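Visitor: What follows is work13.csv, made up of CSV, C-alpha atoms:
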```csv
chain,number,residue,atom,x,y,z
A,1,GLN,CA,-37.9,2.4,-10.9
A,2,LEU,CA,-37.7,-0.1,-13.8
A,3,ASP,CA,-34.9,-0.2,-16.3
A,4,VAL,CA,-36.6,0.0,-19.7
A,5,GLY,CA,-34.2,-2.6,-21.0
A,6,VAL,CA,-35.0,-5.2,-18.4
A,7,MET,CA,-37.3,-8.1,-19.5
A,8,LYS,CA,-40.1,-9.5,-17.4
A,9,SER,CA,-39.0,-12.1,-14.9
A,10,SER,CA,-40.0,-15.1,-17.1
A,11,ASN,CA,-39.1,-15.6,-20.7
A,12,ARG,CA,-42.7,-16.4,-21.5
A,13,GLY,CA,-45.9,-15.2,-20.0
A,14,SER,CA,-48.6,-17.4,-18.4
A,15,ARG,CA,-50.2,-18.2,-21.8
A,16,GLY,CA,-46.9,-19.1,-23.5
A,17,GLN,CA,-46.5,-15.7,-25.1
A,18,ARG,CA,-43.1,-14.2,-25.4
A,19,ALA,CA,-42.4,-11.6,-22.7
A,20,VAL,CA,-42.0,-8.0,-23.8
A,21,PRO,CA,-39.7,-5.3,-22.5
A,22,ALA,CA,-41.0,-3.4,-19.6
A,23,ASN,CA,-41.6,-0.3,-21.8
A,24,GLY,CA,-44.4,-2.1,-23.6
A,25,GLY,CA,-42.3,-3.2,-26.6
A,26,HIS,CA,-41.8,0.3,-28.0
A,27,GLN,CA,-38.4,1.0,-29.4
A,28,LEU,CA,-36.8,4.0,-27.6
A,29,PRO,CA,-34.9,6.4,-29.8
A,30,HIS,CA,-31.2,6.4,-29.3
A,31,ARG,CA,-30.9,10.1,-29.1
A,32,PRO,CA,-27.9,10.4,-26.8
A,33,ARG,CA,-25.8,8.2,-29.1
A,34,ARG,CA,-26.9,10.1,-32.2
A,35,MET,CA,-26.2,13.4,-30.5
A,36,ARG,CA,-22.7,12.1,-29.5
A,37,ASP,CA,-22.1,11.0,-33.1
A,38,ARG,CA,-23.2,14.3,-34.5
A,39,ALA,CA,-21.1,16.2,-32.0
A,40,ALA,CA,-18.0,14.1,-32.9
A,41,LYS,CA,-18.6,14.7,-36.6
A,42,GLN,CA,-19.0,18.4,-36.0
A,43,GLN,CA,-15.7,18.5,-34.0
A,44,ALA,CA,-13.9,16.7,-36.9
A,45,LEU,CA,-15.3,19.1,-39.4
A,46,ILE,CA,-14.3,22.1,-37.3
A,47,GLY,CA,-10.8,20.7,-36.8
A,48,ALA,CA,-10.3,20.1,-40.5
A,49,ALA,CA,-11.8,23.5,-41.4
A,50,LEU,CA,-9.4,25.2,-39.0
A,51,LYS,CA,-6.3,23.6,-40.6
A,52,LEU,CA,-7.5,24.2,-44.1
A,53,PHE,CA,-8.5,27.8,-43.5
A,54,ALA,CA,-5.2,28.5,-41.9
A,55,SER,CA,-3.1,26.8,-44.6
A,56,THR,CA,-5.0,27.2,-47.8
A,57,GLY,CA,-7.1,30.3,-47.0
A,58,TYR,CA,-10.8,30.7,-46.3
A,59,GLU,CA,-11.9,31.6,-49.8
A,60,ALA,CA,-9.8,28.9,-51.5
A,61,THR,CA,-11.1,26.1,-49.2
A,62,THR,CA,-14.1,24.1,-50.4
A,63,THR,CA,-16.6,22.0,-48.4
A,64,ARG,CA,-15.5,18.9,-50.4
A,65,GLU,CA,-11.9,19.4,-49.2
A,66,ILE,CA,-13.2,19.9,-45.6
A,67,ALA,CA,-15.2,16.7,-45.8
A,68,LEU,CA,-12.2,14.8,-47.3
A,69,HIS,CA,-9.8,15.9,-44.6
A,70,SER,CA,-12.3,15.4,-41.7
A,71,GLY,CA,-13.4,11.9,-42.9
A,72,VAL,CA,-17.0,13.1,-42.7
A,73,ALA,CA,-19.3,12.6,-45.8
A,74,LEU,CA,-20.8,15.6,-47.5
A,75,GLY,CA,-24.3,14.7,-46.3
A,76,PRO,CA,-23.5,14.9,-42.6
A,77,LEU,CA,-21.4,18.0,-43.2
A,78,PHE,CA,-24.4,19.9,-44.5
A,79,LEU,CA,-26.4,18.9,-41.4
A,80,SER,CA,-23.9,21.0,-39.4
A,81,ALA,CA,-23.2,23.7,-41.9
A,82,ARG,CA,-24.5,24.9,-45.3
A,83,ASP,CA,-21.1,26.0,-46.6
A,84,GLN,CA,-17.6,27.0,-45.5
A,85,ARG,CA,-18.9,30.3,-44.0
A,86,ASP,CA,-21.1,28.3,-41.6
A,87,LEU,CA,-18.1,26.2,-40.7
A,88,LEU,CA,-16.1,29.4,-40.1
A,89,LEU,CA,-18.8,30.7,-37.8
A,90,LEU,CA,-19.0,27.3,-36.0
A,91,LEU,CA,-15.3,27.6,-35.4
A,92,PHE,CA,-15.6,31.1,-34.1
A,93,ASP,CA,-18.4,29.9,-31.8
A,94,GLU,CA,-16.3,27.1,-30.5
A,95,GLU,CA,-13.2,29.2,-29.9
A,96,LEU,CA,-15.2,32.1,-28.3
A,97,ASN,CA,-16.6,29.9,-25.5
A,98,LYS,CA,-13.1,28.5,-24.7
A,99,LEU,CA,-11.4,31.9,-24.9
A,100,SER,CA,-14.0,33.6,-22.7
A,101,ASP,CA,-13.6,31.0,-19.9
A,102,ARG,CA,-9.8,31.3,-20.1
A,103,ALA,CA,-9.8,35.1,-20.4
A,104,VAL,CA,-12.0,35.9,-17.4
A,105,ALA,CA,-9.8,33.6,-15.2
A,106,ARG,CA,-7.0,36.1,-15.8
A,107,ALA,CA,-8.7,38.9,-14.0
A,108,LYS,CA,-7.0,39.2,-10.6
A,109,ARG,CA,-9.1,40.5,-7.8
A,110,GLY,CA,-7.4,43.3,-5.9
A,111,THR,CA,-5.7,44.8,-8.9
A,112,PRO,CA,-6.9,48.0,-10.6
A,113,PHE,CA,-10.0,47.4,-12.6
A,114,ILE,CA,-8.5,48.5,-15.9
A,115,ASP,CA,-5.7,46.1,-15.4
A,116,GLN,CA,-8.2,43.3,-14.9
A,117,LEU,CA,-9.9,44.2,-18.1
A,118,LEU,CA,-6.6,44.4,-20.0
A,119,ALA,CA,-5.6,40.9,-18.7
A,120,ILE,CA,-8.9,39.6,-20.0
A,121,PHE,CA,-8.7,41.1,-23.5
A,122,ARG,CA,-5.0,40.3,-23.9
A,123,VAL,CA,-6.1,36.7,-24.2
A,124,PHE,CA,-8.4,37.6,-27.0
A,125,LEU,CA,-6.0,39.8,-28.8
A,126,THR,CA,-3.2,37.3,-28.5
A,127,TYR,CA,-5.3,34.4,-29.9
A,128,PHE,CA,-6.7,36.3,-32.9
A,129,GLY,CA,-3.3,37.9,-33.5
A,130,GLU,CA,-1.7,34.5,-33.9
A,131,THR,CA,-3.8,33.6,-37.0
A,132,PRO,CA,-4.4,37.1,-38.5
A,133,ARG,CA,-5.5,35.9,-41.9
A,134,LEU,CA,-8.2,33.5,-40.6
A,135,SER,CA,-9.2,36.0,-37.8
A,136,ARG,CA,-9.8,38.7,-40.4
A,137,TYR,CA,-12.3,36.4,-42.2
A,138,MET,CA,-13.9,35.6,-38.9
A,139,MET,CA,-14.4,39.2,-38.0
A,140,GLN,CA,-15.9,40.0,-41.4
A,141,GLN,CA,-18.4,37.2,-41.2
A,142,VAL,CA,-19.4,37.7,-37.5
A,143,THR,CA,-20.4,41.3,-38.2
A,144,PHE,CA,-23.5,40.2,-40.2
A,145,MET,CA,-24.3,36.6,-39.1
A,146,GLY,CA,-27.9,36.1,-39.9
A,147,SER,CA,-29.9,33.2,-38.6
A,148,GLY,CA,-28.8,29.5,-38.3
A,149,VAL,CA,-25.3,29.3,-36.9
A,150,GLY,CA,-25.5,33.0,-36.2
A,151,THR,CA,-28.1,32.3,-33.5
A,152,SER,CA,-25.6,30.1,-31.7
A,153,ILE,CA,-22.9,32.7,-31.9
A,154,GLN,CA,-25.2,35.4,-30.5
A,155,ALA,CA,-25.8,33.1,-27.5
A,156,GLY,CA,-22.1,32.7,-27.1
A,157,LEU,CA,-21.5,36.4,-27.2
A,158,GLU,CA,-24.3,36.9,-24.6
A,159,ARG,CA,-22.5,34.3,-22.4
A,160,THR,CA,-19.3,36.2,-22.8
A,161,HIS,CA,-21.1,39.4,-21.7
A,162,GLN,CA,-22.4,37.6,-18.7
A,163,LEU,CA,-19.0,36.4,-17.7
A,164,LEU,CA,-17.6,39.9,-18.0
A,165,ALA,CA,-20.6,41.3,-16.1
A,166,ALA,CA,-19.7,38.9,-13.2
A,167,VAL,CA,-16.2,40.5,-13.1
A,168,ILE,CA,-17.7,43.9,-13.1
A,169,ALA,CA,-20.1,43.0,-10.3
A,170,GLN,CA,-17.1,41.7,-8.2
A,171,ALA,CA,-15.3,45.0,-8.9
A,172,GLN,CA,-18.4,46.9,-7.7
A,173,ALA,CA,-18.4,44.8,-4.5
A,174,ASP,CA,-14.7,45.6,-4.1
A,175,GLY,CA,-15.4,49.4,-4.4
A,176,LEU,CA,-13.5,49.7,-7.7
A,177,VAL,CA,-16.3,50.9,-9.9
A,178,ASN,CA,-19.6,52.8,-9.7
A,179,GLN,CA,-22.2,50.9,-7.6
A,180,ASP,CA,-25.1,52.3,-9.6
A,181,MET,CA,-24.0,50.9,-12.9
A,182,ALA,CA,-25.7,47.9,-14.4
A,183,PRO,CA,-23.0,45.2,-14.8
A,184,LEU,CA,-24.4,43.7,-18.0
A,185,ALA,CA,-24.9,47.0,-19.8
A,186,ALA,CA,-21.3,47.9,-18.8
A,187,ALA,CA,-20.0,44.6,-20.1
A,188,GLU,CA,-21.7,45.0,-23.4
A,189,LEU,CA,-20.2,48.5,-23.8
A,190,ILE,CA,-16.7,47.3,-22.8
A,191,PHE,CA,-16.9,44.4,-25.3
A,192,LEU,CA,-18.0,46.7,-28.1
A,193,ILE,CA,-14.8,48.8,-27.4
A,194,TYR,CA,-12.7,45.6,-27.6
A,195,ARG,CA,-14.4,44.6,-30.9
A,196,ALA,CA,-13.4,47.9,-32.4
A,197,GLU,CA,-9.8,47.6,-31.3
A,198,ILE,CA,-9.4,44.0,-32.4
A,199,ARG,CA,-10.4,45.0,-35.9
A,200,ARG,CA,-7.9,47.9,-35.8
A,201,CYS,CA,-5.2,45.6,-34.5
A,202,LEU,CA,-5.9,43.0,-37.3
A,203,ALA,CA,-5.7,45.7,-39.9
A,204,ASN,CA,-1.9,45.7,-39.4
A,205,GLU,CA,0.5,43.1,-40.8
A,206,PRO,CA,1.6,41.6,-38.5
A,207,PRO,CA,-0.9,42.6,-35.8
A,208,GLN,CA,0.6,44.7,-33.1
A,209,ILE,CA,-0.7,43.2,-29.9
A,210,GLU,CA,0.9,45.7,-27.5
A,211,ASP,CA,-0.4,48.6,-29.5
A,212,GLY,CA,-3.9,47.1,-29.2
A,213,ILE,CA,-3.4,46.8,-25.4
A,214,ALA,CA,-2.3,50.4,-25.2
A,215,ALA,CA,-5.3,51.5,-27.2
A,216,LEU,CA,-7.6,49.6,-24.9
A,217,ARG,CA,-6.0,51.2,-21.9
A,218,ARG,CA,-6.6,54.6,-23.4
A,219,ASP,CA,-10.2,53.7,-24.3
A,220,PHE,CA,-11.0,52.3,-20.9
A,221,THR,CA,-9.5,55.2,-19.1
A,222,ILE,CA,-11.7,57.6,-21.1
A,223,LEU,CA,-14.7,55.4,-20.3
A,224,PHE,CA,-14.1,55.3,-16.6
A,225,GLU,CA,-12.9,58.8,-16.1
A,226,GLY,CA,-15.7,60.2,-18.2
A,227,MET,CA,-15.9,63.2,-20.5
A,228,ARG,CA,-17.7,65.5,-18.0
A,229,PRO,CA,-15.6,68.5,-17.0
A,230,ARG,CA,-14.1,68.4,-13.5
A,231,PRO,CA,-14.3,71.2,-11.0
A,232,GLY,CA,-11.3,73.4,-10.8
A,233,PRO,CA,-9.3,75.7,-13.1
A,234,ALA,CA,-10.2,75.4,-16.8
A,235,ARG,CA,-7.6,73.6,-18.9
A,236,HIS,CA,-6.5,75.2,-22.2
```
Give the structure from the file, written as structure tokens.
Guide:
Amino acid sequence: QLDVGVMKSSNRGSRGQRAVPANGGHQLPHRPRRMRDRAAKQQALIGAALKLFASTGYEATTTREIALHSGVALGPLFLSARDQRDLLLLLFDEELNKLSDRAVARAKRGTPFIDQLLAIFRVFLTYFGETPRLSRYMMQQVTFMGSGVGTSIQAGLERTHQLLAAVIAQAQADGLVNQDMAPLAAAELIFLIYRAEIRRCLANEPPQIEDGIAALRRDFTILFEGMRPRPGPARH
């Protein structure tokens, strides 16, 4: 297999012509480097946006300030995001992926399944509870994302659902939950319950994390025990 950057064995061909690269002389696009550069700029923008949103506030922060603090020109900024809302969504997308990996690692096999779920969602509640002002803006914007950056976030949410579904599937294998239940559908429902509780938690100032955990325990207990009446004496 030839390296496209390697020249032919002689500096000149048999007729005195200059040798050409083995790829026929065509310039190959430097996509990997451009992609790395763009990713580095996006990381710089996200980092600057996070600091400014937390210190100045989301609504008071301008794209010009973000560009200035990140060292990235306005032109490249708008390749990554159209405005500060897009940057906020990019930040959410970035954090969601890292949080999801960290959270599912907290589920300890062999413990009651509700405890596993609470260990997972404690990571989320704690993170968003540490920056409540910024987190409230995030939750507002994520509710109606639209296209563009929203497409990436939707993919991130689906990834989170898949990670949670894997925890549920393991619990099924361990005999902790219903074997007939579709893990992904259950994961989506469980995550919807969490999304309702994180909004309720963030409505308080400061957010009450333990109250959020207690509410999730109540909600998950209702979910797993069900609302169908049990056989036996009627309760009044």
Visitor: Please measure the separation of atom CA of A:Arg159 and atom CA of A:Glu94, giving the value in Å to one decimal.
Guide: 12.5 Å
Visitor: Which is closest to A:Leu99 among A:His69, A:Met181, A:Ile120, A:Ala173, if we use all atoms listed in the file?
Guide: A:Ile120
Visitor: Counting all atoms listed in the file, what are the residues of stretch 78-172 of chain A within 9 Å of stretch 211-218 of chain A, and for each of them which pair of atoms is the nearest and at what distance in Å, to one decimal? Sort the table by chain and rising number, as a Markdown table.
Guide:
```
| residue | atom | partner | partner_atom | distance |
| --- | --- | --- | --- | --- |
| A:Ile114 | CA | A:Arg217 | CA | 7.0 |
| A:Asp115 | CA | A:Arg217 | CA | 8.3 |
| A:Leu117 | CA | A:Arg217 | CA | 8.9 |
| A:Leu118 | CA | A:Ile213 | CA | 6.7 |
| A:Phe121 | CA | A:Ile213 | CA | 8.0 |
| A:Arg122 | CA | A:Ile213 | CA | 6.9 |
| A:Leu125 | CA | A:Gly212 | CA | 7.6 |
```
Visitor: Could you name the residues that touch A:Gly57 at 12 Å or less, counting all atoms listed in the file, but leaving out those on the same chain fewer than 3 positions away, as a ChimeraX atom specification?
Guide: /A:49-54,60-62,84,88,131-138
Visitor: Okay, now the selection with C-alpha atoms, as a PDB file, keeping the file's coordinate frame?
Guide:
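That gives us out.pdb:
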```
ATOM      1  CA  ALA A  49     -11.800  23.500 -41.400  1.00  0.00           C
ATOM      2  CA  LEU A  50      -9.400  25.200 -39.000  1.00  0.00           C
ATOM      3  CA  LYS A  51      -6.300  23.600 -40.600  1.00  0.00           C
ATOM      4  CA  LEU A  52      -7.500  24.200 -44.100  1.00  0.00           C
ATOM      5  CA  PHE A  53      -8.500  27.800 -43.500  1.00  0.00           C
ATOM      6  CA  ALA A  54      -5.200  28.500 -41.900  1.00  0.00           C
ATOM      7  CA  ALA A  60      -9.800  28.900 -51.500  1.00  0.00           C
ATOM      8  CA  THR A  61     -11.100  26.100 -49.200  1.00  0.00           C
ATOM      9  CA  THR A  62     -14.100  24.100 -50.400  1.00  0.00           C
ATOM     10  CA  GLN A  84     -17.600  27.000 -45.500  1.00  0.00           C
ATOM     11  CA  LEU A  88     -16.100  29.400 -40.100  1.00  0.00           C
ATOM     12  CA  THR A 131      -3.800  33.600 -37.000  1.00  0.00           C
ATOM     13  CA  PRO A 132      -4.400  37.100 -38.500  1.00  0.00           C
ATOM     14  CA  ARG A 133      -5.500  35.900 -41.900  1.00  0.00           C
ATOM     15  CA  LEU A 134      -8.200  33.500 -40.600  1.00  0.00           C
ATOM     16  CA  SER A 135      -9.200  36.000 -37.800  1.00  0.00           C
ATOM     17  CA  ARG A 136      -9.800  38.700 -40.400  1.00  0.00           C
ATOM     18  CA  TYR A 137     -12.300  36.400 -42.200  1.00  0.00           C
ATOM     19  CA  MET A 138     -13.900  35.600 -38.900  1.00  0.00           C
TER      20      MET A 138
END
```
Visitor: Atom CA of A:Glu158 and atom CA of A:Asp101 are how many Å apart?
Guide: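 That distance, rounded to one decimal, is 13.1 Å.
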Visitor: My list of candidates is A:Phe113, A:Phe124, A:Phe224, A:Phe191. Which is closest to A:Asp174 when distances are computed with all atoms listed in the file?
Guide: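 Once distances to A:Asp174 are computed over all atoms listed in the file, the minimum belongs to A:Phe113.
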Visitor: What's the separation between atom CA of A:Leu87 and atom CA of A:Asn204, in Å to one decimal place?
Guide: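 Computing it gives 25.4 Å between the two atoms.
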Visitor: Please work out which residues fall within 8 Å of (-14.4, 46.8, -19.3), coordinates as given in the file, with only C-alpha atoms counting, and return them as a list of chain:residue names.
Guide: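 Returned residue set, sorted by chain then number, is A:Ile114, A:Leu117, A:Leu164, A:Ile168, A:Ala186, A:Ala187, A:Leu189, A:Ile190, A:Phe191, A:Phe220.
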Visitor: Leaving out A:Met139 and any residue of its chain fewer than 5 positions from it, which residues lie within 9 Å of it when counting all atoms listed in the file, given as a PyMOL selection string?
Guide: chain A and resi 134+195+198-199
Visitor: For each of A:Ala196, A:Ala105, A:Glu65, A:Phe128, take the minimum atom-to-atom distance to A:Ala166, counting all atoms listed in the file, then give the residue where this is smallest.
Guide: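 Comparing A:Ala196, A:Ala105, A:Glu65, A:Phe128 against A:Ala166, the winner is A:Ala105.
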Visitor: Which one is closest to A:Ala185: A:His161, A:Thr143, A:Gly47, A:Gln208? Count all atoms listed in the file.
Guide: A:His161
Visitor: So, counting all atoms listed in the file, which residue among A:Ala171, A:Leu45, A:Leu90, A:Ala40 is closest to A:Pro112?
Guide: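 Using all atoms listed in the file, A:Pro112 sits closest to A:Ala171.
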